[in-house]
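File shown: entry29.txt (compact mmCIF, C-alpha atoms and all ligand atoms).
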# COMPACT_ATOMS: atom_id res chain seq x y z
CA MET A 149 0.00 0.00 0.00
CA LYS A 150 1.59 3.25 -1.11
CA ARG A 151 -0.94 6.00 -1.72
CA VAL A 152 -3.53 7.09 0.84
CA ALA A 153 -6.36 9.53 0.15
CA VAL A 154 -7.63 11.34 3.23
CA LEU A 155 -11.16 12.56 2.54
CA GLY A 156 -11.75 15.64 4.71
CA GLY A 157 -9.12 17.92 6.24
CA GLY A 158 -10.61 18.79 9.65
CA PRO A 159 -8.65 17.87 12.78
CA ALA A 160 -9.06 14.11 12.19
CA GLY A 161 -8.07 14.12 8.52
CA ALA A 162 -5.25 16.64 8.88
CA PHE A 163 -3.63 14.77 11.76
CA ALA A 164 -3.95 11.38 10.04
CA ALA A 165 -2.34 12.92 6.94
CA GLU A 166 0.53 14.32 9.00
CA LEU A 167 1.28 10.94 10.57
CA LEU A 168 0.98 8.97 7.32
CA ALA A 169 3.06 11.44 5.28
CA SER A 170 5.73 11.47 8.02
CA ALA A 171 5.89 7.68 7.79
CA GLY A 172 6.52 7.84 4.05
CA PHE A 173 3.07 7.19 2.56
CA LYS A 174 2.16 9.28 -0.45
CA THR A 175 -0.74 11.13 1.14
CA ILE A 176 -3.30 13.49 -0.32
CA VAL A 177 -5.92 15.42 1.67
CA LEU A 178 -9.10 16.48 -0.15
CA ASP A 179 -11.23 19.09 1.63
CA GLU A 180 -13.90 21.27 0.10
CA LYS A 181 -13.11 24.24 2.36
CA LEU A 182 -9.67 23.60 3.88
CA ALA A 183 -9.26 25.65 7.08
CA TRP A 184 -12.60 27.19 8.07
CA GLU A 185 -14.53 28.38 11.10
CA LYS A 186 -16.43 25.16 11.71
CA PRO A 187 -19.29 25.66 14.18
CA CYS A 188 -17.66 24.41 17.39
CA GLY A 189 -16.82 25.49 20.93
CA GLY A 190 -13.17 24.85 20.07
CA GLY A 191 -12.38 23.57 23.59
CA LEU A 192 -9.53 21.10 24.05
CA THR A 193 -9.22 19.18 27.31
CA TYR A 194 -6.04 18.51 29.26
CA LYS A 195 -6.30 14.88 28.09
CA ALA A 196 -5.87 16.11 24.50
CA TYR A 197 -2.94 18.50 24.89
CA HIS A 198 -1.17 16.29 27.46
CA GLN A 199 -1.07 13.42 24.94
CA TYR A 200 -0.44 15.71 21.96
CA PRO A 201 1.61 18.64 23.34
CA PHE A 202 1.72 20.43 19.97
CA LEU A 203 -1.95 21.23 20.63
CA ILE A 204 -0.83 23.71 23.30
CA ASP A 205 2.82 24.37 22.41
CA ASN A 206 2.29 26.47 19.31
CA SER A 207 1.96 30.11 18.32
CA ALA A 208 -1.72 29.97 17.23
CA PRO A 209 -4.07 32.33 19.15
CA LYS A 210 -5.82 30.52 22.00
CA LYS A 211 -7.37 31.09 25.43
CA LEU A 212 -6.45 29.08 28.52
CA ILE A 213 -9.36 29.00 30.94
CA THR A 214 -9.06 27.91 34.56
CA LYS A 215 -12.57 28.53 35.89
CA THR A 216 -15.94 27.04 35.03
CA VAL A 217 -19.27 28.09 36.49
CA LEU A 218 -21.85 25.30 36.51
CA ALA A 219 -25.55 26.06 36.94
CA ALA A 220 -28.77 24.06 37.02
CA PRO A 221 -32.43 24.92 37.76
CA LYS A 222 -33.17 24.91 41.51
CA ALA A 223 -29.48 24.50 42.33
CA GLY A 224 -27.92 27.89 41.76
CA GLU A 225 -24.30 28.00 40.63
CA ALA A 226 -21.03 26.36 41.51
CA SER A 227 -17.59 27.61 40.64
CA LEU A 228 -15.09 24.96 39.61
CA ALA A 229 -11.38 25.78 39.56
CA MET A 230 -9.46 23.86 36.90
CA GLU A 231 -5.79 23.31 37.66
CA ARG A 232 -5.46 21.88 34.16
CA PRO A 233 -6.97 24.57 31.94
CA LEU A 234 -9.27 24.08 29.00
CA VAL A 235 -7.59 25.46 25.87
CA ILE A 236 -9.98 27.21 23.50
CA TYR A 237 -9.26 27.88 19.84
CA SER A 238 -11.11 29.41 16.97
CA ARG A 239 -11.58 26.47 14.60
CA LEU A 240 -10.10 28.43 11.74
CA ASP A 241 -6.84 28.71 13.70
CA LEU A 242 -6.89 25.09 14.91
CA ASN A 243 -7.64 23.66 11.45
CA ASN A 244 -4.93 25.88 9.93
CA LEU A 245 -2.40 24.68 12.48
CA LEU A 246 -3.16 21.01 11.74
CA LEU A 247 -3.24 21.40 7.95
CA GLU A 248 0.07 23.26 8.00
CA ARG A 249 1.63 20.44 10.00
CA ALA A 250 0.30 17.90 7.48
CA ALA A 251 1.73 19.93 4.58
CA SER A 252 5.11 20.26 6.35
CA ALA A 253 5.16 16.49 6.81
CA GLY A 254 4.83 16.11 3.05
CA ALA A 255 1.08 15.59 2.49
CA ASP A 256 -0.50 17.14 -0.61
CA ILE A 257 -3.39 19.36 0.45
CA GLU A 258 -6.02 19.98 -2.19
CA LYS A 259 -9.17 22.09 -2.04
CA ALA A 260 -11.71 19.78 -3.64
CA ARG A 261 -15.18 18.47 -2.89
CA VAL A 262 -15.38 14.68 -2.82
CA LEU A 263 -18.36 13.67 -4.95
CA ALA A 264 -18.10 9.88 -4.98
CA VAL A 265 -15.73 7.03 -4.25
CA GLU A 266 -15.53 3.90 -6.43
CA ARG A 267 -13.72 0.66 -5.86
CA ARG A 268 -11.19 -0.06 -8.63
CA GLY A 269 -9.61 -3.51 -8.18
CA GLU A 270 -7.71 -3.35 -4.90
CA GLY A 271 -7.79 0.46 -4.83
CA TRP A 272 -10.07 3.49 -5.12
CA ARG A 273 -10.99 6.22 -7.56
CA ILE A 274 -12.21 9.41 -5.91
CA GLN A 275 -14.40 11.68 -8.01
CA THR A 276 -14.11 15.44 -7.58
CA ARG A 277 -15.00 18.27 -9.96
CA GLY A 278 -11.39 18.12 -11.20
CA ALA A 279 -9.34 15.11 -12.25
CA PRO A 280 -10.17 11.92 -10.32
CA VAL A 281 -7.75 10.88 -7.59
CA GLU A 282 -6.46 7.29 -7.43
CA ALA A 283 -5.51 5.74 -4.09
CA ASP A 284 -4.74 2.37 -2.55
CA PHE A 285 -6.50 3.19 0.73
CA CYS A 286 -9.07 5.77 1.90
CA VAL A 287 -9.27 7.46 5.29
CA VAL A 288 -12.75 8.93 5.65
CA ALA A 289 -12.74 12.13 7.77
CA MET A 290 -15.61 14.19 6.39
CA GLY A 291 -17.22 14.99 9.72
CA ALA A 292 -20.75 14.42 11.00
CA ARG A 293 -22.29 15.31 7.64
CA ASN A 294 -20.20 12.76 5.76
CA PRO A 295 -22.06 12.46 2.45
CA LEU A 296 -20.69 8.99 1.57
CA ARG A 297 -23.38 6.52 2.54
CA ASP A 298 -21.26 3.39 2.34
CA PHE A 299 -18.38 4.62 4.52
CA GLY A 300 -18.37 5.46 8.21
CA THR A 301 -21.04 5.49 10.88
CA GLU A 302 -24.64 4.97 9.75
CA LEU A 303 -26.37 7.53 11.94
CA LYS A 304 -29.80 6.26 12.99
CA PRO A 305 -32.49 8.56 14.40
CA GLY A 306 -31.41 9.27 17.97
CA ASP A 307 -27.69 9.07 17.13
CA THR A 308 -27.20 12.81 16.75
CA MET A 309 -27.60 16.02 18.70
CA ALA A 310 -28.39 19.37 17.19
CA ALA A 311 -25.84 22.01 18.20
CA LEU A 312 -26.23 25.71 17.50
CA GLY A 313 -25.25 29.06 18.86
CA TYR A 314 -23.75 32.48 18.31
CA TYR A 315 -20.33 34.07 18.13
CA VAL A 316 -20.87 37.12 20.29
CA PRO A 317 -18.49 40.07 20.52
CA GLY A 318 -17.12 40.22 24.05
CA THR A 319 -14.67 38.76 26.45
CA GLN A 320 -14.62 36.96 29.80
CA GLU A 321 -12.28 34.65 31.65
CA ARG A 322 -14.60 31.82 32.69
CA ILE A 323 -16.57 29.07 31.01
CA GLU A 324 -20.26 28.79 31.85
CA ILE A 325 -22.25 25.58 31.64
CA GLN A 326 -26.02 25.73 32.18
CA PHE A 327 -28.08 22.55 32.53
CA LEU A 328 -31.74 22.81 31.58
CA PRO A 329 -34.91 21.02 32.63
CA ARG A 330 -35.73 17.91 30.56
CA LEU A 331 -32.86 18.36 28.12
CA GLU A 332 -30.18 15.81 27.29
CA GLY A 333 -27.66 18.54 26.59
CA TYR A 334 -26.63 21.93 27.92
CA ILE A 335 -25.83 25.55 27.17
CA TRP A 336 -22.21 26.69 27.10
CA VAL A 337 -20.43 30.04 27.08
CA PHE A 338 -16.85 29.59 25.88
CA PRO A 339 -14.53 32.60 25.80
CA ARG A 340 -12.39 32.69 22.68
CA CYS A 341 -9.85 35.25 21.50
CA GLY A 342 -11.94 38.35 20.74
CA HIS A 343 -15.41 36.83 21.13
CA LEU A 344 -17.59 34.37 23.04
CA SER A 345 -19.02 31.18 21.61
CA VAL A 346 -22.47 30.84 23.22
CA GLY A 347 -24.25 27.66 22.21
CA ILE A 348 -26.59 24.82 23.05
CA CYS A 349 -26.59 21.13 22.22
CA GLY A 350 -29.47 18.80 22.85
CA LYS A 351 -30.74 15.40 21.90
CA GLY A 352 -34.28 14.63 20.82
CA GLU A 353 -35.36 18.25 20.57
CA PRO A 354 -35.75 20.17 17.29
CA ALA A 355 -33.26 22.90 16.50
CA HIS A 356 -35.85 25.71 16.67
CA ALA A 357 -36.82 24.69 20.22
CA LEU A 358 -33.15 24.61 21.25
CA ARG A 359 -32.67 28.04 19.74
CA GLN A 360 -35.60 29.38 21.76
CA ARG A 361 -34.06 27.99 24.94
CA LEU A 362 -30.73 29.59 24.07
CA ASP A 363 -32.26 32.95 23.15
CA ARG A 364 -34.16 32.99 26.46
CA TYR A 365 -30.98 32.20 28.39
CA MET A 366 -29.06 34.95 26.61
CA GLU A 367 -31.81 37.48 27.33
CA GLN A 368 -31.84 36.49 31.01
CA ARG A 369 -28.06 36.80 31.19
CA GLY A 370 -27.98 40.08 29.29
CA ILE A 371 -25.92 38.61 26.44
CA GLY A 372 -26.94 40.68 23.40
CA ARG A 373 -27.46 39.09 19.98
CA ARG A 374 -26.81 42.30 18.03
CA ASP A 375 -23.69 41.79 15.89
CA ALA A 376 -23.70 38.11 16.87
CA VAL A 377 -23.14 35.53 14.13
CA PHE A 378 -25.42 32.48 14.25
CA TYR A 379 -24.06 28.96 13.66
CA SER A 380 -25.50 25.45 13.68
CA HIS A 381 -24.22 21.97 12.99
CA LEU A 382 -24.69 18.34 13.94
CA LEU A 383 -22.96 16.34 16.66
CA PRO A 384 -22.84 12.55 16.58
CA SER A 385 -24.16 11.20 19.87
CA LEU A 386 -24.52 7.46 19.43
CA GLU A 387 -27.05 5.43 21.37
CA THR A 388 -25.67 2.33 23.10
CA PRO A 389 -26.80 -0.20 20.42
CA SER A 390 -25.24 2.00 17.72
CA TRP A 391 -21.85 1.82 19.43
CA LYS A 392 -22.08 -1.96 19.21
CA ARG A 393 -22.63 -2.02 15.45
CA ASN A 394 -20.65 1.13 14.63
CA ARG A 395 -19.22 0.90 11.09
CA VAL A 396 -15.76 2.40 11.58
CA ALA A 397 -13.86 0.52 8.87
CA GLY A 398 -14.30 -1.78 5.88
CA GLU A 399 -12.41 -3.24 2.96
CA GLY A 400 -9.75 -0.69 2.04
CA TRP A 401 -10.99 2.16 4.26
CA MET A 402 -11.12 3.46 7.83
CA ALA A 403 -13.32 6.25 9.19
CA ILE A 404 -12.03 8.64 11.88
CA GLY A 405 -13.41 11.50 13.99
CA ASP A 406 -17.04 12.53 13.56
CA SER A 407 -17.41 10.37 10.43
CA ALA A 408 -16.92 7.40 12.74
CA GLY A 409 -19.34 8.80 15.37
CA LEU A 410 -16.48 9.26 17.83
CA VAL A 411 -17.89 11.97 20.09
CA ASP A 412 -18.47 11.89 23.84
CA PRO A 413 -22.26 11.38 24.22
CA ILE A 414 -22.34 13.38 27.47
CA THR A 415 -20.07 16.37 26.88
CA GLY A 416 -20.03 16.51 23.07
CA GLU A 417 -16.22 16.50 23.13
CA GLY A 418 -15.08 15.42 19.69
CA LEU A 419 -11.74 17.12 19.04
CA TYR A 420 -9.71 14.76 21.21
CA TYR A 421 -11.39 11.71 19.67
CA ALA A 422 -10.81 13.07 16.16
CA ILE A 423 -7.08 13.43 16.89
CA ARG A 424 -6.85 10.16 18.80
CA SER A 425 -8.70 8.09 16.19
CA ALA A 426 -6.45 9.60 13.49
CA ASP A 427 -3.46 8.43 15.52
CA LEU A 428 -4.92 4.93 15.98
CA ALA A 429 -5.82 4.63 12.28
CA ALA A 430 -2.27 5.65 11.31
CA ARG A 431 -0.83 3.15 13.79
CA ALA A 432 -3.00 0.38 12.35
CA LEU A 433 -1.97 1.26 8.78
CA LEU A 434 1.69 1.29 9.77
CA ALA A 435 1.43 -1.90 11.85
CA GLU A 436 3.53 -4.90 10.96
CA VAL A 437 0.37 -7.02 10.53
CA GLY A 438 0.40 -8.13 6.90
CA SER A 439 -2.80 -7.71 4.91
CA VAL A 440 -4.99 -4.63 4.53
CA ALA A 441 -7.86 -6.60 6.08
CA ALA A 442 -5.68 -7.29 9.15
CA LYS A 443 -4.89 -3.57 9.45
CA VAL A 444 -8.58 -2.72 9.32
CA GLN A 445 -9.23 -5.29 12.04
CA GLU A 446 -6.36 -3.86 14.07
CA TYR A 447 -7.91 -0.37 13.88
CA ARG A 448 -11.22 -1.68 15.23
CA ARG A 449 -9.37 -3.39 18.07
CA LEU A 450 -7.31 -0.30 18.95
CA LEU A 451 -10.38 1.96 18.97
CA ARG A 452 -12.34 -0.35 21.22
CA ARG A 453 -9.47 -0.79 23.67
CA ASP A 454 -8.48 2.87 23.71
CA PHE A 455 -11.76 4.75 24.20
CA ALA A 456 -14.78 3.40 22.26
CA ALA A 457 -15.84 1.06 25.10
CA ASP A 458 -15.72 4.04 27.48
CA LEU A 459 -17.83 6.23 25.19
CA GLU A 460 -20.31 3.39 24.76
CA PHE A 461 -20.67 3.27 28.53
CA GLY A 462 -21.01 7.08 28.49
CA SER A 463 -24.00 6.71 26.17
CA ARG A 464 -25.76 4.75 28.91
CA LEU A 465 -24.78 7.22 31.60
CA ALA A 466 -26.03 10.19 29.57
CA LYS A 467 -29.69 9.27 30.17
CA ARG A 468 -29.14 8.98 33.90
CA ILE A 469 -27.25 12.24 34.16
CA PHE A 470 -29.63 14.38 32.12
CA HIS A 471 -32.95 12.72 33.00
CA GLY A 472 -32.26 10.99 36.33
CA ASN A 473 -33.03 11.91 39.91
CA PHE A 474 -30.95 11.60 43.05
CA LEU A 475 -31.96 12.53 46.61
CA PHE A 476 -35.33 13.95 45.42
CA GLY A 477 -33.80 16.30 42.86
CA SER A 478 -32.43 16.11 39.34
CA VAL A 479 -28.96 14.63 38.97
CA THR A 480 -27.70 17.81 37.29
CA ALA A 481 -28.94 19.94 40.21
CA ARG A 482 -27.22 17.61 42.66
CA MET A 483 -24.02 17.77 40.61
CA VAL A 484 -24.00 21.55 40.92
CA GLN A 485 -24.76 21.49 44.65
CA PHE A 486 -22.20 18.78 45.37
CA THR A 487 -19.55 20.66 43.38
CA ARG A 488 -20.26 23.75 45.46
CA HIS A 489 -20.17 22.06 48.85
CA SER A 490 -17.92 19.01 48.57
CA PRO A 491 -14.21 19.38 47.72
CA ARG A 492 -14.05 15.62 47.06
CA PHE A 493 -16.85 15.80 44.53
CA ALA A 494 -15.34 18.95 42.98
CA ARG A 495 -12.11 16.98 42.39
CA ILE A 496 -14.09 14.35 40.49
CA MET A 497 -15.70 17.08 38.40
CA GLN A 498 -12.28 18.60 37.73
CA ASP A 499 -11.05 15.25 36.45
CA LEU A 500 -14.14 14.88 34.26
CA PHE A 501 -13.48 18.33 32.78
CA ALA A 502 -9.81 17.48 32.26
CA GLY A 503 -10.82 14.21 30.59
CA THR A 504 -8.77 12.11 33.02
CA GLN A 505 -11.71 10.32 34.68
CA PRO A 506 -13.06 7.58 32.39
CA TYR A 507 -16.80 6.84 32.56
CA LEU A 508 -15.94 3.22 33.24
CA GLY A 509 -14.80 3.53 36.83
CA LEU A 510 -16.75 6.70 37.56
CA LYS A 511 -19.49 4.90 39.47
CA GLN A 512 -16.93 3.18 41.71
CA ARG A 513 -15.12 6.45 42.39
CA LEU A 514 -18.41 8.17 43.21
CA LEU A 515 -19.38 5.35 45.56
CA ASP A 516 -15.96 5.38 47.20
CA ASN A 517 -16.38 9.10 47.83
CA LEU A 518 -20.11 9.19 48.59
CA ASN A 519 -19.92 9.07 52.36
CA GLY A 520 -17.14 11.64 52.47
CA SER A 521 -18.93 13.91 50.01
CA LEU A 522 -22.22 13.72 51.89
CA LEU A 523 -20.42 14.47 55.11
CA GLU A 524 -18.72 17.49 53.57
CA ILE A 525 -22.07 18.70 52.27
CA ALA A 526 -23.82 18.12 55.57
CA MET A 527 -21.01 19.91 57.41
CA GLY A 528 -20.79 22.67 54.85
CA PHE A 529 -24.34 23.85 54.46
CA GLY A 530 -26.81 21.64 56.22
CA PHE A 531 -28.21 18.36 54.96
CA ARG A 532 -31.79 19.64 55.15
CA ARG A 533 -31.32 21.59 51.93
CA LEU A 534 -31.02 18.36 49.95
CA LEU A 535 -34.50 17.35 51.05
CA PRO A 536 -37.75 18.10 49.19
CA GLY A 537 -39.21 21.53 49.79
CA ALA A 538 -35.86 22.89 50.86
CA SER A 539 -34.99 26.39 49.74
CA LYS A 540 -32.58 27.00 46.86
CA SER A 541 -28.98 27.24 48.03
C1 LIG A 601 -21.62 23.47 17.92
C2 LIG A 601 -20.54 22.49 18.22
C3 LIG A 601 -19.67 22.71 19.30
C4 LIG A 601 -18.62 21.81 19.54
N1 LIG A 601 -17.76 22.10 20.56
C5 LIG A 601 -16.72 21.25 20.80
C6 LIG A 601 -15.74 21.56 21.78
O1 LIG A 601 -15.76 22.64 22.41
N2 LIG A 601 -14.76 20.66 22.02
C7 LIG A 601 -14.68 19.50 21.33
O2 LIG A 601 -13.77 18.70 21.61
N3 LIG A 601 -15.57 19.20 20.35
C8 LIG A 601 -16.57 20.04 20.06
N4 LIG A 601 -17.44 19.76 19.04
C9 LIG A 601 -17.21 18.57 18.23
C10 LIG A 601 -16.09 18.86 17.19
O3 LIG A 601 -16.42 20.01 16.45
C11 LIG A 601 -15.95 17.67 16.22
O4 LIG A 601 -15.93 16.48 16.96
C12 LIG A 601 -14.67 17.78 15.40
O5 LIG A 601 -14.70 18.88 14.53
C13 LIG A 601 -14.49 16.50 14.55
O6 LIG A 601 -13.41 16.66 13.67
P1 LIG A 601 -13.43 15.91 12.28
O7 LIG A 601 -12.13 16.23 11.62
O8 LIG A 601 -13.83 14.50 12.45
O9 LIG A 601 -14.64 16.58 11.46
P2 LIG A 601 -14.81 18.09 10.98
O10 LIG A 601 -14.10 19.03 11.84
O11 LIG A 601 -16.26 18.28 10.76
O12 LIG A 601 -14.06 18.11 9.57
C14 LIG A 601 -14.62 17.50 8.44
C15 LIG A 601 -13.99 18.13 7.20
O13 LIG A 601 -14.48 17.44 6.04
C16 LIG A 601 -14.72 18.38 5.02
N5 LIG A 601 -15.74 17.82 4.12
C17 LIG A 601 -17.02 17.47 4.41
N6 LIG A 601 -17.64 16.99 3.30
C18 LIG A 601 -16.71 17.04 2.31
C19 LIG A 601 -16.73 16.66 0.93
N7 LIG A 601 -17.81 16.14 0.34
N8 LIG A 601 -15.60 16.83 0.21
C20 LIG A 601 -14.48 17.35 0.77
N9 LIG A 601 -14.41 17.72 2.06
C21 LIG A 601 -15.51 17.56 2.83
C22 LIG A 601 -15.19 19.64 5.76
O14 LIG A 601 -14.91 20.79 4.97
C23 LIG A 601 -14.35 19.59 7.03
O15 LIG A 601 -13.19 20.39 6.93
C24 LIG A 601 -18.48 20.65 18.76
C25 LIG A 601 -19.36 20.42 17.70
C26 LIG A 601 -20.37 21.32 17.43
C27 LIG A 601 -21.28 21.06 16.26
Since I need it in another form, could you write the structure as structure tokens?
Amino acid sequence: MKRVAVLGGGPAGAFAAELLASAGFKTIVLDEKLAWEKPCGGGLTYKAYHQYPFLIDNSAPKKLITKTVLAAPKAGEASLAMERPLVIYSRLDLNNLLLERAASAGADIEKARVLAVERRGEGWRIQTRGAPVEADFCVVAMGARNPLRDFGTELKPGDTMAALGYYVPGTQERIEIQFLPRLEGYIWVFPRCGHLSVGICGKGEPAHALRQRLDRYMEQRGIGRRDAVFYSHLLPSLETPSWKRNRVAGEGWMAIGDSAGLVDPITGEGLYYAIRSADLAARALLAEVGSVAAKVQEYRRLLRRDFAADLEFGSRLAKRIFHGNFLFGSVTARMVQFTRHSPRFARIMQDLFAGTQPYLGLKQRLLDNLNGSLLEIAMGFGFRRLLPGASKS
């Protein structure tokens, strides 16, 4: 196998191209827009830049944020200090950074829309408006709206979240997360260089209803929409059965990033999984295992072992977090209250925000800390406030 076509040059495709070109594959990236301001919060967790230090050690404009304010109905707010900051980019800058690295590693970067992909013997012919591109192997990285039906995750109803928001002129030094009643999702305010990204994601609710919720929130918070730029997109958010049958690879191709549905079903974090799956796909392609079919199998195995099993478990947890109750209140309200009153619980939340606490193992850690957390809460502000009819704290 000599020539690899990477279809899509977002974070997943660009990073896969960098790794493959560095290893000596003749690599071409085809992207219809190249670097662009993809609708996105642009937040990278500690887990991402700790494993891939170039994501923080670079000269691209970025914000490092060390404080998050969490809020939920009937629970007030909680301030969470983050020793390991969240790094926030504009997607134009992040995509540029990654595409430049791919080009420096020797990948050809071409602005072209992929129209169709045909099997030709052992290889592929990729149709664009220009001359067709021939390749021995395809890496599919065309995001959540991947137009190729036969490659990548088959998104069933219920496997996506709508995500929309505004780029608002302004500045602040904290992230805000607002949970909402009966919504599997949340509102975020992410400070970026020169503006705020204020958005909402939610599952099972139409985009117009989400927009109404967001507009109401912005009015209540005094965040003006004049001069704001609206954005909307789709987030994969696979249901548990969809993780089990997820089509991440096939004969002569592998899908990475959003095209493979690799997004955290609770937080919507996708950038780390785009980068990580690109790394795993490149490792599988470069592996000593002989045949192309064996490399494809190796990619499936690496994904599962590395993070897909954890995200699958996250898809089960999502329902309990967003729709569940605990101690006579919603789980999200309790999360906010516990964060405010229990240093032990706040440490768990910090690790979740840093991406260092897997979902598998979370229940055990919560149980191990439950007595201590409850004691801290009882000592800190009085246990009676957790009981029904108690006043907001
Ligand atoms: C509103 C919103 C907020 C988000 N916030 C965060 C966040 O704060 N942190 C986080 O980690 N994740 C976030 N995500 C998720 C994150 O944006 C994605 O997981 C990430 O962009 C996936 O990278 P990717 O390379 O797989 O796909 P993409 O970034 O979508 O890249 C796909 C590329 O394929 C190209 N393409 C598509 N079709 C074609 C075609 N036919 N021909 C050629 N090229 C094509 C596109 O131009 C694009 O450049 C958010 C998502 C949304 C929608």
For this session: Excluding A:Asp458 and residues on its chain fewer than 6 positions from it, collect all residues at most 8 Å away from it, counting only C-alpha atoms, and give them as JSON, numbers by chain.
Result: {"A": [506, 507, 508]}
Exercise. Using only C-alpha atoms, which of A:Ala466, A:Val346, A:Leu234, A:Leu459 sits nearest A:His198?
Worked result: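 Closest candidate: A:Leu234.
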Problem set entry | Distance in Å - atom CA of A:Lys392 versus atom CA of A:Phe461 | 10.8 Å
Residues of stretch 171-239 of chain A that approach stretch 339-342 of chain A to 7 Å or less, counting only C-alpha atoms: could you list each one with the shortest pair of atoms and its distance in Å to one decimal, rows by chain and increasing residue number, as JSON lines?
{"residue": "A:Pro209", "atom": "CA", "partner": "A:Cys341", "partner_atom": "CA", "distance": 6.9}
{"residue": "A:Lys210", "atom": "CA", "partner": "A:Cys341", "partner_atom": "CA", "distance": 6.2}
{"residue": "A:Lys211", "atom": "CA", "partner": "A:Arg340", "partner_atom": "CA", "distance": 5.9}
{"residue": "A:Ile236", "atom": "CA", "partner": "A:Arg340", "partner_atom": "CA", "distance": 6.0}
{"residue": "A:Tyr237", "atom": "CA", "partner": "A:Arg340", "partner_atom": "CA", "distance": 6.4}
{"residue": "A:Ser238", "atom": "CA", "partner": "A:Arg340", "partner_atom": "CA", "distance": 6.7}
Since we have the selection now, will you write its residues out, keeping C-alpha atoms, as a short mmCIF file (atom, residue, chain, number, x, y, z; two decimals), in the frame of the given file?
data_model
loop_
_atom_site.label_atom_id
_atom_site.label_comp_id
_atom_site.auth_asym_id
_atom_site.auth_seq_id
_atom_site.Cartn_x
_atom_site.Cartn_y
_atom_site.Cartn_z
CA PRO A 209 -4.07 32.33 19.15
CA LYS A 210 -5.82 30.52 22.00
CA LYS A 211 -7.37 31.09 25.43
CA ILE A 236 -9.98 27.21 23.50
CA TYR A 237 -9.26 27.88 19.84
CA SER A 238 -11.11 29.41 16.97
#
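Proximity ranking of A:Arg277, A:Arg431, A:Arg361, A:Arg468 relative to A:Leu328 places A:Arg361 first, based on all atoms listed in the file.
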For this session: Can you work out which one of A:Gly291, A:Pro280, A:Gly477, A:Gly172 has the shortest atom-to-atom distance to ligand LIG 601 (chain A), counting only C-alpha atoms and all ligand atoms?
Result: A:Gly291
Exercise. Quick one: residues within 12 Å of A:Pro354, all atoms listed in the file counted, chain neighbours fewer than 3 positions away excluded, as a PyMOL selection string?
Worked result: chain A and resi 306+308-312+331+348-351+357-361+382
Those same residues - C-alpha atoms - I'd like them written as a PDB file, in the frame of the given file.
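The resulting file, part-v4.pdb, is shown below:
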ATOM      1  CA  GLY A 306     -31.410   9.270  17.970  1.00  0.00           C
ATOM      2  CA  THR A 308     -27.200  12.810  16.750  1.00  0.00           C
ATOM      3  CA  MET A 309     -27.600  16.020  18.700  1.00  0.00           C
ATOM      4  CA  ALA A 310     -28.390  19.370  17.190  1.00  0.00           C
ATOM      5  CA  ALA A 311     -25.840  22.010  18.200  1.00  0.00           C
ATOM      6  CA  LEU A 312     -26.230  25.710  17.500  1.00  0.00           C
ATOM      7  CA  LEU A 331     -32.860  18.360  28.120  1.00  0.00           C
ATOM      8  CA  ILE A 348     -26.590  24.820  23.050  1.00  0.00           C
ATOM      9  CA  CYS A 349     -26.590  21.130  22.220  1.00  0.00           C
ATOM     10  CA  GLY A 350     -29.470  18.800  22.850  1.00  0.00           C
ATOM     11  CA  LYS A 351     -30.740  15.400  21.900  1.00  0.00           C
ATOM     12  CA  ALA A 357     -36.820  24.690  20.220  1.00  0.00           C
ATOM     13  CA  LEU A 358     -33.150  24.610  21.250  1.00  0.00           C
ATOM     14  CA  ARG A 359     -32.670  28.040  19.740  1.00  0.00           C
ATOM     15  CA  GLN A 360     -35.600  29.380  21.760  1.00  0.00           C
ATOM     16  CA  ARG A 361     -34.060  27.990  24.940  1.00  0.00           C
ATOM     17  CA  LEU A 382     -24.690  18.340  13.940  1.00  0.00           C
TER      18      LEU A 382
END
Seminar exercise, completed: With distances taken over all atoms listed in the file, the candidate from A:Asp412, A:Thr175, A:Arg297, A:Val288 nearest A:Ala426 is A:Val288
Exercise. Using all atoms listed in the file, which of the listed residues (A:Cys286, A:Ala279, A:Cys188, A:Ala502) sits closest to ligand LIG 601 (chain A)?
Worked result: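 Comparing A:Cys286, A:Ala279, A:Cys188, A:Ala502 against ligand LIG 601 (chain A), the winner is A:Cys188.
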For A:Ile496, find every residue with an atom within 9 Å (counting only C-alpha atoms), except residues of its own chain fewer than 2 positions away, and show them as an mmCIF file with C-alpha atoms, in the coordinates of the input.
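File written: part.cif
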data_model
loop_
_atom_site.group_PDB
_atom_site.id
_atom_site.type_symbol
_atom_site.label_atom_id
_atom_site.label_comp_id
_atom_site.auth_asym_id
_atom_site.auth_seq_id
_atom_site.Cartn_x
_atom_site.Cartn_y
_atom_site.Cartn_z
ATOM 1 C CA THR A 487 -19.550 20.660 43.380
ATOM 2 C CA PRO A 491 -14.210 19.380 47.720
ATOM 3 C CA ARG A 492 -14.050 15.620 47.060
ATOM 4 C CA PHE A 493 -16.850 15.800 44.530
ATOM 5 C CA ALA A 494 -15.340 18.950 42.980
ATOM 6 C CA GLN A 498 -12.280 18.600 37.730
ATOM 7 C CA ASP A 499 -11.050 15.250 36.450
ATOM 8 C CA LEU A 500 -14.140 14.880 34.260
ATOM 9 C CA PHE A 501 -13.480 18.330 32.780
ATOM 10 C CA GLN A 505 -11.710 10.320 34.680
ATOM 11 C CA LEU A 510 -16.750 6.700 37.560
ATOM 12 C CA ARG A 513 -15.120 6.450 42.390
ATOM 13 C CA LEU A 514 -18.410 8.170 43.210
#
Exercise. Of the candidates A:Leu515, A:Val287, A:Leu192, A:Val217, which one gets nearest to A:Val484 if we count only C-alpha atoms?
Worked result: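 Between A:Leu515, A:Val287, A:Leu192, A:Val217, the residue approaching A:Val484 most closely is A:Val217.
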